[in-house]
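Asks: For reference, this is run-v4.txt, and it has compact mmCIF, C-alpha atoms.
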```
# COMPACT_ATOMS: atom_id res chain seq x y z
CA MET W 184 10.33 4.62 -11.07
CA SER W 185 11.17 3.19 -7.64
CA PRO W 186 9.36 0.09 -6.28
CA ASP W 187 7.95 2.30 -3.51
CA THR W 188 6.28 4.61 -6.02
CA GLN W 189 5.01 1.70 -8.14
CA ALA W 190 3.44 0.07 -5.07
CA ALA W 191 1.91 3.42 -4.10
CA ILE W 192 0.15 3.61 -7.48
CA TYR W 193 -1.63 0.27 -7.02
CA SER W 194 -2.54 0.89 -3.40
CA SER W 195 -3.85 4.36 -4.32
CA ILE W 196 -6.19 2.86 -6.92
CA ILE W 197 -7.63 0.33 -4.48
CA ARG W 198 -7.96 2.83 -1.63
CA ASN W 199 -9.66 5.44 -3.80
CA TRP W 200 -12.18 2.84 -4.87
CA PHE W 201 -13.01 1.33 -1.49
CA LEU W 202 -11.40 3.28 1.37
CA PHE W 203 -11.82 6.98 0.58
CA GLY W 204 -14.45 9.00 -1.24
CA PRO W 205 -18.00 8.39 -2.39
CA ILE W 206 -17.82 4.78 -3.68
CA PRO W 207 -17.65 3.06 -0.25
CA VAL W 208 -20.27 5.52 1.05
CA ALA W 209 -22.53 4.61 -1.86
CA LEU W 210 -21.99 0.93 -1.03
CA MET W 211 -22.82 1.54 2.64
CA LEU W 212 -25.99 3.41 1.70
CA TYR W 213 -26.81 0.50 -0.61
CA ILE W 214 -26.76 -1.91 2.38
CA GLY W 215 -28.72 0.48 4.62
CA ALA W 216 -26.12 2.53 6.54
CA SER W 217 -27.08 5.64 8.54
CA PRO W 218 -24.95 8.79 9.01
CA LEU W 219 -23.65 7.33 12.30
CA HIS W 220 -22.57 4.11 10.57
CA ILE W 221 -20.81 6.12 7.87
CA SER W 222 -19.00 8.19 10.51
CA ILE W 223 -17.82 5.04 12.29
CA VAL W 224 -16.43 3.51 9.08
CA VAL W 225 -14.86 6.75 7.80
CA SER W 226 -13.27 7.34 11.21
CA MET W 227 -12.10 3.73 11.54
CA LEU W 228 -8.61 4.59 10.28
CA SER W 229 -8.30 7.15 13.04
CA LEU W 230 -9.64 4.70 15.64
CA ALA W 231 -6.87 2.22 14.82
CA LYS W 232 -4.07 4.80 15.00
CA PRO W 233 -3.39 4.32 18.75
CA ILE W 234 -2.11 0.83 17.84
CA GLU W 235 1.01 2.59 16.58
CA TRP W 236 1.90 3.21 20.22
CA VAL W 237 2.99 -0.43 20.53
CA VAL W 238 4.77 -0.66 17.14
CA PRO W 239 8.15 0.57 18.53
CA ARG W 240 8.10 -2.39 20.92
CA LEU W 241 6.93 -4.67 18.12
CA MET W 242 9.95 -3.63 16.05
CA ARG W 243 12.28 -5.02 18.70
CA ARG W 244 10.72 -8.45 18.22
CA PHE W 245 10.12 -8.32 14.46
CA THR W 246 13.12 -6.41 13.15
CA ASP W 247 12.71 -7.29 9.46
CA ARG W 248 10.86 -4.12 8.51
CA LYS W 249 10.45 -5.05 4.84
CA ARG W 250 8.77 -8.37 5.62
CA MET W 251 6.44 -6.86 8.23
CA PHE W 252 5.50 -4.01 5.91
CA ILE W 253 4.72 -6.40 3.04
CA TRP W 254 2.59 -8.71 5.15
CA CYS W 255 0.64 -5.96 6.92
CA SER W 256 0.04 -3.89 3.80
CA MET W 257 -1.15 -6.95 1.87
CA LEU W 258 -3.51 -7.95 4.69
CA GLU W 259 -4.78 -4.36 4.84
CA LEU W 260 -5.78 -4.29 1.18
CA ALA W 261 -7.03 -7.91 1.26
CA PHE W 262 -9.51 -7.10 4.06
CA LEU W 263 -10.51 -3.93 2.21
CA VAL W 264 -11.21 -5.80 -1.04
CA ALA W 265 -13.07 -8.55 0.84
CA ALA W 266 -15.32 -6.16 2.80
CA GLY W 267 -17.91 -5.56 0.06
CA PRO W 268 -18.30 -9.12 -1.27
CA LEU W 269 -18.45 -10.59 2.26
CA ALA W 270 -21.08 -8.06 3.33
CA LEU W 271 -23.24 -8.58 0.25
CA VAL W 272 -23.40 -12.38 0.64
CA MET W 273 -24.36 -12.14 4.31
CA PRO W 274 -27.93 -11.97 5.63
CA VAL W 275 -29.30 -8.42 5.72
CA ASP W 276 -28.95 -8.12 9.52
CA TRP W 277 -25.25 -9.01 9.31
CA GLN W 278 -24.19 -6.94 6.32
CA LEU W 279 -23.23 -3.70 8.12
CA LEU W 280 -21.57 -5.57 10.99
CA VAL W 281 -19.37 -7.62 8.62
CA PHE W 282 -18.54 -4.52 6.57
CA ILE W 283 -17.48 -2.54 9.66
CA ALA W 284 -15.45 -5.51 10.98
CA CYS W 285 -13.52 -5.78 7.71
CA TYR W 286 -12.79 -2.05 7.78
CA LEU W 287 -11.57 -2.32 11.37
CA LEU W 288 -9.12 -5.09 10.39
CA THR W 289 -8.08 -2.98 7.39
CA ALA W 290 -7.41 0.00 9.65
CA ILE W 291 -5.37 -2.07 12.14
CA CYS W 292 -3.16 -3.59 9.44
CA MET W 293 -2.78 -0.21 7.75
CA SER W 294 -1.62 1.46 10.98
CA ILE W 295 1.04 -1.18 11.58
CA SER W 296 2.21 -1.22 7.95
CA MET W 297 2.46 2.57 7.79
CA ALA W 298 4.54 2.64 10.97
CA TYR W 299 6.97 0.11 9.49
CA TRP W 300 6.95 1.94 6.14
CA THR W 301 7.76 5.30 7.77
CA SER W 302 10.77 3.80 9.55
CA LEU W 303 11.92 1.88 6.47
CA ILE W 304 11.53 4.60 3.84
CA GLY W 305 13.08 7.22 6.13
CA ASP W 306 16.31 5.20 5.99
CA VAL W 307 16.12 4.59 2.23
CA ILE W 308 15.61 8.22 1.13
CA PRO W 309 18.31 10.78 2.13
CA ARG W 310 16.96 13.42 4.51
CA GLU W 311 17.79 16.33 2.20
CA GLU W 312 15.60 14.75 -0.51
CA HIS W 313 12.55 14.04 1.67
CA GLY W 314 10.49 17.05 0.57
CA ALA W 315 10.96 16.59 -3.18
CA TYR W 316 10.74 12.78 -3.14
CA PHE W 317 7.55 12.47 -1.09
CA GLY W 318 5.96 15.39 -2.96
CA ASN W 319 6.56 13.64 -6.30
CA ARG W 320 5.53 10.25 -4.87
CA GLN W 321 2.24 11.66 -3.67
CA MET W 322 1.70 13.41 -6.99
CA ILE W 323 2.00 10.13 -8.91
CA SER W 324 -0.13 8.13 -6.48
CA PHE W 325 -2.82 10.85 -6.39
CA LEU W 326 -2.85 10.90 -10.20
CA ALA W 327 -3.51 7.16 -10.17
CA GLY W 328 -6.28 7.71 -7.61
CA PHE W 329 -7.74 10.52 -9.72
CA ILE W 330 -8.03 8.26 -12.75
CA ALA W 331 -9.36 5.40 -10.61
CA LEU W 332 -12.16 7.55 -9.19
CA ILE W 333 -13.29 8.66 -12.63
CA VAL W 334 -13.17 5.09 -13.97
CA GLY W 335 -15.05 3.83 -10.91
CA GLY W 336 -17.77 6.45 -11.31
CA VAL W 337 -18.17 5.67 -15.02
CA VAL W 338 -18.35 1.91 -14.34
CA LEU W 339 -21.04 2.32 -11.67
CA GLU W 340 -23.02 4.74 -13.88
CA TRP W 341 -22.93 2.72 -17.11
CA ILE W 342 -22.98 -0.88 -15.87
CA GLY W 343 -25.07 -0.47 -12.74
CA GLU W 344 -24.20 -0.85 -9.07
CA THR W 345 -24.45 -4.64 -8.84
CA LEU W 346 -22.19 -5.54 -11.78
CA GLY W 347 -20.15 -2.36 -11.35
CA PHE W 348 -19.10 -3.16 -7.78
CA GLY W 349 -18.30 -6.74 -8.83
CA LEU W 350 -16.00 -5.53 -11.62
CA LEU W 351 -14.20 -3.06 -9.33
CA TYR W 352 -13.64 -5.72 -6.66
CA LEU W 353 -12.33 -8.21 -9.22
CA SER W 354 -9.94 -5.59 -10.66
CA SER W 355 -8.71 -4.77 -7.15
CA ALA W 356 -7.93 -8.42 -6.46
CA VAL W 357 -5.76 -8.55 -9.60
CA LEU W 358 -3.95 -5.33 -8.63
CA LEU W 359 -3.35 -6.76 -5.17
CA VAL W 360 -1.44 -9.73 -6.61
CA VAL W 361 0.61 -7.52 -8.96
CA ARG W 362 1.49 -5.22 -6.05
CA LEU W 363 2.84 -8.17 -4.05
CA PHE W 364 5.51 -8.86 -6.67
CA ILE W 365 6.50 -5.17 -6.70
CA LEU W 366 6.86 -5.05 -2.90
CA ARG W 367 9.45 -7.84 -3.06
CA LYS W 368 11.78 -5.38 -4.85
CA TYR W 369 11.84 -3.02 -1.84
CA PRO W 370 15.28 -2.28 -0.33
CA ASN W 371 15.83 -3.51 3.21
CA PRO W 372 18.55 -1.48 4.98
CA PRO W 373 19.74 -2.60 8.43
CA PHE W 374 17.50 -1.48 11.27
CA VAL W 375 19.13 0.59 14.02
CA GLN W 376 17.04 -0.02 17.13
CA SER W 377 16.34 2.37 19.96
CA VAL W 378 18.66 2.12 22.93
CA GLU W 379 15.55 1.78 25.11
CA THR W 380 14.02 -1.68 25.58
CA SER W 381 10.89 -0.67 27.49
CA LEU W 382 7.89 0.68 25.56
CA LEU W 383 7.27 3.22 28.31
CA ARG W 384 10.83 4.55 28.08
CA MET W 385 10.58 4.68 24.28
CA MET W 386 7.46 6.84 24.51
CA ARG W 387 9.11 9.15 27.02
CA LYS W 388 11.39 10.42 24.25
CA PRO W 389 8.67 12.19 22.22
CA LEU W 390 6.89 13.22 25.44
CA ALA W 391 10.06 14.99 26.55
CA ASP W 392 10.22 16.89 23.24
CA HIS W 393 8.00 19.84 24.22
CA ALA W 394 8.00 21.46 20.77
CA PHE W 395 6.92 18.21 19.13
CA MET W 396 4.18 17.54 21.69
CA LYS W 397 2.86 21.08 21.48
CA MET W 398 2.52 20.72 17.70
CA THR W 399 0.92 17.28 18.07
CA ALA W 400 -1.64 18.52 20.60
CA PHE W 401 -2.49 21.47 18.36
CA LEU W 402 -2.93 19.28 15.27
CA ALA W 403 -5.04 16.83 17.29
CA GLY W 404 -7.44 19.68 18.09
CA PHE W 405 -7.45 20.71 14.44
CA MET W 406 -8.15 17.11 13.35
CA PHE W 407 -10.97 16.78 15.91
CA LEU W 408 -12.80 19.79 14.49
CA MET W 409 -12.11 18.95 10.86
CA TYR W 410 -13.30 15.34 11.12
CA PHE W 411 -16.46 16.48 12.94
CA ALA W 412 -17.71 17.57 9.51
CA ALA W 413 -15.33 15.77 7.13
CA ALA W 414 -16.61 12.33 8.13
CA GLN W 415 -20.02 13.41 6.79
CA PHE W 416 -18.77 15.06 3.60
CA SER W 417 -19.96 12.39 1.15
CA TYR W 418 -23.22 12.03 3.08
CA ILE W 419 -23.83 15.78 2.72
CA LEU W 420 -23.32 15.57 -1.02
CA LEU W 421 -25.33 12.40 -1.61
CA ARG W 422 -28.28 12.79 0.77
CA VAL W 423 -28.44 16.38 1.99
CA LEU W 424 -27.65 18.16 -1.30
CA SER W 425 -29.04 15.25 -3.39
CA ILE W 426 -26.18 15.32 -5.89
CA ASP W 427 -26.12 12.34 -8.26
CA PRO W 428 -23.54 9.65 -7.23
CA PHE W 429 -21.85 9.98 -10.63
CA TRP W 430 -21.23 13.70 -10.10
CA VAL W 431 -20.13 13.10 -6.51
CA THR W 432 -17.49 10.75 -7.89
CA ILE W 433 -16.43 13.35 -10.46
CA VAL W 434 -16.07 16.16 -7.90
CA SER W 435 -14.16 13.78 -5.61
CA ALA W 436 -11.85 13.10 -8.53
CA ILE W 437 -11.32 16.87 -8.76
CA ALA W 438 -10.06 16.84 -5.16
CA VAL W 439 -7.68 13.96 -5.93
CA GLY W 440 -6.54 15.75 -9.10
CA MET W 441 -5.77 18.91 -7.13
CA GLN W 442 -3.90 16.80 -4.57
CA THR W 443 -1.86 15.45 -7.46
CA ILE W 444 -0.82 18.92 -8.55
CA ALA W 445 -0.52 20.35 -5.04
CA SER W 446 1.71 17.54 -3.76
CA SER W 447 4.33 18.24 -6.40
CA VAL W 448 4.08 22.00 -5.85
CA TRP W 449 4.29 21.70 -2.04
CA GLY W 450 7.31 19.41 -2.41
CA ARG W 451 9.13 21.87 -4.66
CA LEU W 452 8.27 24.82 -2.44
CA THR W 453 10.11 23.15 0.45
CA LYS W 454 13.34 24.14 -1.30
CA LYS W 455 12.37 27.84 -1.25
CA TYR W 456 10.24 28.38 1.86
CA PRO W 457 10.31 27.08 5.43
CA ILE W 458 8.23 23.93 5.86
CA ARG W 459 6.58 25.52 8.90
CA THR W 460 5.26 28.38 6.74
CA LEU W 461 3.98 25.98 4.08
CA PHE W 462 2.31 23.87 6.76
CA ILE W 463 0.39 26.91 8.04
CA TRP W 464 -0.74 27.74 4.49
CA THR W 465 -2.01 24.16 4.28
CA LEU W 466 -4.08 24.60 7.44
CA LEU W 467 -5.52 27.83 6.03
CA ALA W 468 -6.60 26.03 2.84
CA LEU W 469 -8.32 23.31 4.89
CA THR W 470 -10.09 26.01 6.90
CA ILE W 471 -11.37 27.80 3.78
CA VAL W 472 -12.97 24.53 2.62
CA TRP W 473 -15.61 24.69 5.37
CA LEU W 474 -16.14 28.44 5.17
CA LEU W 475 -17.01 28.05 1.48
CA PHE W 476 -20.18 26.13 2.43
CA ALA W 477 -21.73 29.54 3.16
CA GLY W 478 -21.82 30.00 -0.62
CA LEU W 479 -24.67 27.46 -0.84
CA MET W 480 -27.01 30.35 -0.02
CA VAL W 481 -26.30 32.03 -3.38
CA LEU W 482 -24.46 29.57 -5.66
CA PRO W 483 -25.52 26.31 -7.36
CA ALA W 484 -24.60 23.33 -5.18
CA LEU W 485 -22.68 21.37 -7.83
CA PHE W 486 -20.54 24.34 -8.88
CA LEU W 487 -19.70 25.25 -5.28
CA VAL W 488 -18.85 21.66 -4.41
CA MET W 489 -16.38 21.59 -7.31
CA VAL W 490 -14.69 24.71 -5.91
CA ILE W 491 -14.70 23.23 -2.40
CA GLN W 492 -13.11 20.00 -3.62
CA ALA W 493 -10.44 21.90 -5.54
CA VAL W 494 -9.45 23.88 -2.42
CA SER W 495 -9.67 20.70 -0.34
CA GLY W 496 -7.24 18.97 -2.71
CA VAL W 497 -4.72 21.79 -2.28
CA GLY W 498 -4.95 21.52 1.52
CA LEU W 499 -4.87 17.73 1.68
CA GLY W 500 -1.81 17.62 -0.58
CA GLY W 501 0.09 19.52 2.11
CA TRP W 502 -1.57 17.71 5.02
CA ARG W 503 -0.32 14.37 3.72
CA LEU W 504 3.22 15.70 3.20
CA PHE W 505 4.27 18.05 6.01
CA PRO W 506 3.41 15.97 9.12
CA LEU W 507 5.33 13.10 7.48
CA LEU W 508 8.39 15.34 7.09
CA TYR W 509 8.19 16.31 10.77
CA ARG W 510 8.03 12.65 11.81
CA LEU W 511 10.94 11.69 9.55
CA ASN W 512 12.97 14.53 11.08
CA ALA W 513 12.82 12.85 14.50
CA PRO W 514 16.01 11.29 15.93
CA HIS W 515 16.92 8.29 13.80
CA THR W 516 16.60 5.57 16.43
CA GLU W 517 13.45 7.10 17.97
CA ARG W 518 11.54 7.65 14.73
CA PRO W 519 9.03 4.81 15.38
CA ALA W 520 8.20 6.23 18.82
CA TYR W 521 7.70 9.75 17.45
CA SER W 522 5.56 8.46 14.59
CA GLY W 523 3.53 6.26 16.92
CA MET W 524 2.87 9.07 19.38
CA PHE W 525 1.88 11.50 16.63
CA ASN W 526 -0.42 9.13 14.73
CA ALA W 527 -2.03 7.77 17.89
CA LEU W 528 -3.06 11.18 19.23
CA ILE W 529 -4.08 12.55 15.82
CA GLY W 530 -6.02 9.39 14.99
CA LEU W 531 -7.82 9.28 18.33
CA ALA W 532 -8.85 12.93 17.97
CA GLY W 533 -10.07 12.30 14.42
CA PHE W 534 -12.16 9.30 15.46
CA ILE W 535 -13.80 11.11 18.38
CA GLY W 536 -14.52 14.13 16.18
CA GLY W 537 -15.97 11.98 13.39
CA PHE W 538 -18.08 9.92 15.82
CA LEU W 539 -19.53 13.00 17.51
CA GLY W 540 -20.16 14.59 14.12
CA GLY W 541 -22.06 11.50 12.97
CA PHE W 542 -24.11 11.54 16.19
CA VAL W 543 -25.00 15.22 15.67
CA TYR W 544 -25.94 14.68 12.01
CA ASP W 545 -27.99 11.63 12.98
CA HIS W 546 -30.07 13.81 15.33
CA THR W 547 -30.26 16.94 13.15
CA GLU W 548 -33.16 17.18 10.72
CA SER W 549 -32.57 20.74 9.52
CA ILE W 550 -31.22 20.73 5.95
CA TRP W 551 -29.79 24.22 6.50
CA MET W 552 -27.87 23.13 9.59
CA GLN W 553 -26.53 19.99 7.89
CA SER W 554 -25.41 21.77 4.71
CA ILE W 555 -24.43 25.26 5.92
CA GLY W 556 -24.73 25.80 9.67
CA ILE W 557 -22.47 23.01 10.97
CA PRO W 558 -19.76 23.21 8.23
CA VAL W 559 -19.43 27.02 8.47
CA THR W 560 -19.28 26.88 12.28
CA ILE W 561 -16.48 24.31 12.01
CA GLY W 562 -14.74 26.60 9.51
CA LEU W 563 -14.87 29.57 11.92
CA LEU W 564 -13.42 27.46 14.75
CA LEU W 565 -10.65 26.18 12.45
CA LEU W 566 -9.90 29.78 11.45
CA VAL W 567 -9.25 30.61 15.11
CA LEU W 568 -6.89 27.63 15.41
CA THR W 569 -5.09 28.61 12.20
CA GLY W 570 -4.50 32.04 13.70
CA ILE W 571 -2.54 30.53 16.59
CA ALA W 572 -0.75 27.95 14.41
CA PRO W 573 2.52 29.99 14.24
CA TYR W 574 2.80 29.68 18.03
CA ALA W 575 2.11 25.92 18.05
CA ILE W 576 4.07 24.59 15.05
CA PRO W 577 7.87 24.81 15.40
CA HIS W 578 10.40 25.09 12.63
CA LEU W 579 11.44 21.69 11.30
CA ASN W 580 15.04 22.06 12.46
CA ARG W 581 17.57 24.63 13.65
CA LEU W 582 18.87 25.30 10.14
CA GLU W 583 15.38 26.07 8.85
CA LYS W 584 14.81 28.39 11.81
CA GLU W 585 18.05 30.22 11.11
CA GLN W 586 17.18 30.47 7.41
CA ALA W 587 13.72 31.83 8.27
CA GLU W 588 15.23 34.45 10.58
CA GLU W 589 17.75 35.35 7.89
CA ARG W 590 14.95 35.76 5.30
CA LYS W 591 13.00 37.87 7.79
CA LEU W 592 16.04 40.08 8.38
CA LEU W 593 16.63 40.43 4.63
CA ARG W 594 13.00 41.45 4.11
CA PHE W 595 13.34 44.03 6.89
CA LEU W 596 16.56 45.40 5.42
CA LYS W 597 15.00 45.55 1.95
CA LYS W 598 12.01 47.37 3.36
CA MET W 599 14.28 49.85 5.16
CA GLU W 600 16.30 50.31 1.96
CA LYS W 601 13.14 51.13 0.01
CA ARG W 602 12.08 53.55 2.73
CA SER W 603 15.50 55.19 2.69
CA ASN W 604 15.39 55.46 -1.11
CA ARG W 605 11.98 57.10 -0.91
CA ASN W 606 13.26 59.54 1.69
CA LEU W 607 16.32 60.36 -0.42
CA THR W 608 14.11 60.88 -3.46
CA ARG W 609 11.87 63.19 -1.43
CA ILE W 610 14.89 65.17 -0.17
CA GLU W 611 16.31 65.45 -3.69
CA LYS W 612 13.00 66.75 -5.01
CA GLY W 613 12.86 69.25 -2.14
CA LEU W 614 16.40 70.47 -2.87
CA THR W 615 15.55 70.81 -6.57
CA ARG W 616 12.53 72.95 -5.76
CA MET W 617 14.63 75.10 -3.42
CA GLU W 618 17.28 75.59 -6.13
CA LYS W 619 14.58 76.67 -8.59
CA ARG W 620 13.21 79.20 -6.10
CA ILE W 621 16.68 80.58 -5.38
CA THR W 622 17.34 80.88 -9.10
CA ALA W 623 14.01 82.63 -9.59
CA LEU W 624 14.73 85.07 -6.75
CA GLN W 625 18.19 85.85 -8.14
CA GLY W 626 16.63 86.58 -11.55
CA THR W 627 14.23 89.11 -10.10
CA VAL W 628 17.04 90.87 -8.27
```
For this file, write the structure as structure tokens.
Replies:
Amino acid sequence: MSPDTQAAIYSSIIRNWFLFGPIPVALMLYIGASPLHISIVVSMLSLAKPIEWVVPRLMRRFTDRKRMFIWCSMLELAFLVAAGPLALVMPVDWQLLVFIACYLLTAICMSISMAYWTSLIGDVIPREEHGAYFGNRQMISFLAGFIALIVGGVVLEWIGETLGFGLLYLSSAVLLVVRLFILRKYPNPPFVQSVETSLLRMMRKPLADHAFMKMTAFLAGFMFLMYFAAAQFSYILLRVLSIDPFWVTIVSAIAVGMQTIASSVWGRLTKKYPIRTLFIWTLLALTIVWLLFAGLMVLPALFLVMVIQAVSGVGLGGWRLFPLLYRLNAPHTERPAYSGMFNALIGLAGFIGGFLGGFVYDHTESIWMQSIGIPVTIGLLLLVLTGIAPYAIPHLNRLEKEQAEERKLLRFLKKMEKRSNRNLTRIEKGLTRMEKRITALQGTV
């Protein structure tokens, strides 16, 4: 197992405990957070994404990508692990403020470290192996997150929130130290810098790529709508539907488990189908998630949420993989600029969507609107966007486009061959009937 995959396992455990899912939401509710506060924290990662705009310029000054990635990723997880304990020891009036500040620092460090990681790992892994490698890497890290969520839910249920959170934070601190030793084993290939020295000129490269910018603008709109409701997902389960925190953790683990399976499947499918087609299927799965909330009118909430989380896991497995493959496919020296532009616009759209969604939920008292009306409306709007996705998302490269056109031509020829065979069969049957009639007429004569 590569050092990159080993490090991903430890970071996945920590993030699934304190960055994603119901456990940090339960902690925020414990210290008195409102839906708007939850939206701000959940959307914090998106808020920090525009920082990636300046990373290409930062790479010209700090060219040792391995060292920068190690420092930023360690600071990211250190702030994340420190958020809960620092908030809990503060006076009540300061708890939420300190918690949000720690998450903001986590998000900033994570954005910088991910930009360095994308550039570094893109050089380490051969381009023809990107789909399979990152699919398997995500599968293993999601599996670790799946187990972590279940363990975290059991700890909080059996030991209690006070001791349970303390044990999880202590375990995370130990994992953080172990992960540091693993990161030191990372390869560090030479960094080929962009020929441009100005940040503005660097960013002109992705802006001039019309196909890339059209896809980015489309996905930013999709992210805006999705995060409008997604930022409130755990709140809907915990407060609106009144599902027990233990079961919320279990159904969240189902989503992570499905991501584990889906990531490997999506990665393998890249060898058989165009990545553009698989990406559109991913968007359709994410759309179905919100349409399924209509089932709350006739189905038990817990059962339906399990189905929703399973479908969500399938979609998120592709969402984490395919945009990464598009960014890694950018010109080698301009990869940081492409990645920065993409993440900045997507992140900004996600934060605005999540913030507005939290504001709407904060001022909506109708249980029906919070649990069915708003999610289903978002689903219908996402369905419209998914319908125009083929016109907004380009093929990954010229070879994939040619292969897709070739497959389309082969399907057309196969269809025409079947039609011709049916016509020949029909003609043969007609001739046989005519021969029988002629024979019958000759017999009567």
Asks: Pick out the closest residue to Leu421 (chain W) from this set: W:Ala445, W:Glu600, W:Phe325, W:Val488. Count all atoms listed in the file.
Replies: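 Nearest candidate to Leu421 (chain W) out of W:Ala445, W:Glu600, W:Phe325, W:Val488: W:Val488.
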Asks: Between CA of Ala403 (chain W) and CA of Gly450 (chain W), measure the distance and give it in Å to one decimal.
Replies: 23.4 Å
Asks: Could you tell me which of W:Gln321, W:Ser435, W:Thr289, W:Ser229 comes closest to Gly501 (chain W) if we count all atoms listed in the file?
Replies: W:Gln321
Asks: Set the distance at 12 Å and use all atoms listed in the file: which residues neighbour Met257 (chain W) once local chain neighbours fewer than 2 positions away are removed? I'd like the list as a PyMOL selection string.
Replies: chain W and resi 190+193-194+197+250-255+259-264+288-289+292-293+295-297+355-356+358-367
Asks: Tell me, in Å to one decimal, how far CA of Met385 (chain W) is from CA of Thr301 (chain W).
Replies: 16.8 Å
Asks: Of the residues W:Ile433, W:Ile214, W:Leu482, W:Leu531, which is the one nearest to Phe329 (chain W), using only C-alpha atoms?
Replies: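 Using only C-alpha atoms, the shortest distance to Phe329 (chain W) belongs to W:Ile433.
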Asks: Grab the CA of Ile557 (chain W) to CA of Phe282 (chain W) distance for me, in Å with one decimal place.
Replies: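 Between CA of Ile557 (chain W) and CA of Phe282 (chain W) the gap is 28.2 Å.
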Asks: Using only C-alpha atoms, which residue out of W:Ala532, W:Ala191, W:Val434, W:Met227 lies closest to Leu326 (chain W)?
Replies: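 Answer, going by the shortest atom-to-atom distance: W:Ala191.
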Asks: Show me, as a PyMOL selection string, the residues that have an atom within 12 Å of Leu467 (chain W) when counting only C-alpha atoms, minus same-chain residues fewer than 6 positions from it.
Replies: chain W and resi 405+460-461+473-474+494-495+497-499+501-502+562-573
Asks: Which residue gives the smallest distance to Leu511 (chain W) among W:Phe317, W:Phe245, W:Trp236, W:Phe374, with all atoms listed in the file counted?
Replies: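 Counting all atoms listed in the file, the residue closest to Leu511 (chain W) is W:Phe317.
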Asks: Tell me which of W:Gly215, W:Pro239, W:Gly305, W:Pro233 sits closest to Leu271 (chain W), counting all atoms listed in the file.
Replies: W:Gly215
Asks: Pull the neighbourhood of (4.1, 19.4, 22.4) for me: all residues within 12 Å in file coordinates, counting only C-alpha atoms, as a short mmCIF file (atom, residue, chain, number, x, y, z; two decimals) with C-alpha atoms, in the coordinates of the input.
Replies:
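out18.cif was written with the following content:
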```cif
data_model
loop_
_atom_site.label_atom_id
_atom_site.label_comp_id
_atom_site.auth_asym_id
_atom_site.auth_seq_id
_atom_site.Cartn_x
_atom_site.Cartn_y
_atom_site.Cartn_z
CA LYS W 388 11.39 10.42 24.25
CA PRO W 389 8.67 12.19 22.22
CA LEU W 390 6.89 13.22 25.44
CA ALA W 391 10.06 14.99 26.55
CA ASP W 392 10.22 16.89 23.24
CA HIS W 393 8.00 19.84 24.22
CA ALA W 394 8.00 21.46 20.77
CA PHE W 395 6.92 18.21 19.13
CA MET W 396 4.18 17.54 21.69
CA LYS W 397 2.86 21.08 21.48
CA MET W 398 2.52 20.72 17.70
CA THR W 399 0.92 17.28 18.07
CA ALA W 400 -1.64 18.52 20.60
CA PHE W 401 -2.49 21.47 18.36
CA LEU W 402 -2.93 19.28 15.27
CA ALA W 403 -5.04 16.83 17.29
CA TYR W 521 7.70 9.75 17.45
CA MET W 524 2.87 9.07 19.38
CA PHE W 525 1.88 11.50 16.63
CA LEU W 528 -3.06 11.18 19.23
CA TYR W 574 2.80 29.68 18.03
CA ALA W 575 2.11 25.92 18.05
CA ILE W 576 4.07 24.59 15.05
CA PRO W 577 7.87 24.81 15.40
#
```
Asks: Place N, CA, C and O atoms on region 334-340 of chain W and deliver the coordinates as a PDB file, in the frame of the given file.
Replies:
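Full text of result.pdb as output:
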```pdb
ATOM      1  N   VAL W 334     -12.819   6.395 -13.392  1.00  0.00           N
ATOM      2  CA  VAL W 334     -13.170   5.090 -13.970  1.00  0.00           C
ATOM      3  C   VAL W 334     -14.227   4.401 -13.122  1.00  0.00           C
ATOM      4  O   VAL W 334     -15.202   3.834 -13.649  1.00  0.00           O
ATOM      5  N   GLY W 335     -14.071   4.453 -11.794  1.00  0.00           N
ATOM      6  CA  GLY W 335     -15.050   3.830 -10.910  1.00  0.00           C
ATOM      7  C   GLY W 335     -16.430   4.444 -11.052  1.00  0.00           C
ATOM      8  O   GLY W 335     -17.444   3.737 -11.090  1.00  0.00           O
ATOM      9  N   GLY W 336     -16.482   5.783 -11.131  1.00  0.00           N
ATOM     10  CA  GLY W 336     -17.770   6.450 -11.310  1.00  0.00           C
ATOM     11  C   GLY W 336     -18.428   6.092 -12.627  1.00  0.00           C
ATOM     12  O   GLY W 336     -19.640   5.862 -12.687  1.00  0.00           O
ATOM     13  N   VAL W 337     -17.624   6.028 -13.699  1.00  0.00           N
ATOM     14  CA  VAL W 337     -18.170   5.670 -15.020  1.00  0.00           C
ATOM     15  C   VAL W 337     -18.687   4.234 -15.022  1.00  0.00           C
ATOM     16  O   VAL W 337     -19.769   3.946 -15.560  1.00  0.00           O
ATOM     17  N   VAL W 338     -17.932   3.316 -14.391  1.00  0.00           N
ATOM     18  CA  VAL W 338     -18.350   1.910 -14.340  1.00  0.00           C
ATOM     19  C   VAL W 338     -19.680   1.773 -13.603  1.00  0.00           C
ATOM     20  O   VAL W 338     -20.604   1.077 -14.065  1.00  0.00           O
ATOM     21  N   LEU W 339     -19.806   2.424 -12.444  1.00  0.00           N
ATOM     22  CA  LEU W 339     -21.040   2.320 -11.670  1.00  0.00           C
ATOM     23  C   LEU W 339     -22.212   2.976 -12.404  1.00  0.00           C
ATOM     24  O   LEU W 339     -23.361   2.533 -12.269  1.00  0.00           O
ATOM     25  N   GLU W 340     -21.956   4.035 -13.166  1.00  0.00           N
ATOM     26  CA  GLU W 340     -23.020   4.740 -13.880  1.00  0.00           C
ATOM     27  C   GLU W 340     -23.491   3.948 -15.093  1.00  0.00           C
ATOM     28  O   GLU W 340     -24.697   3.873 -15.358  1.00  0.00           O
TER      29      GLU W 340
END
```
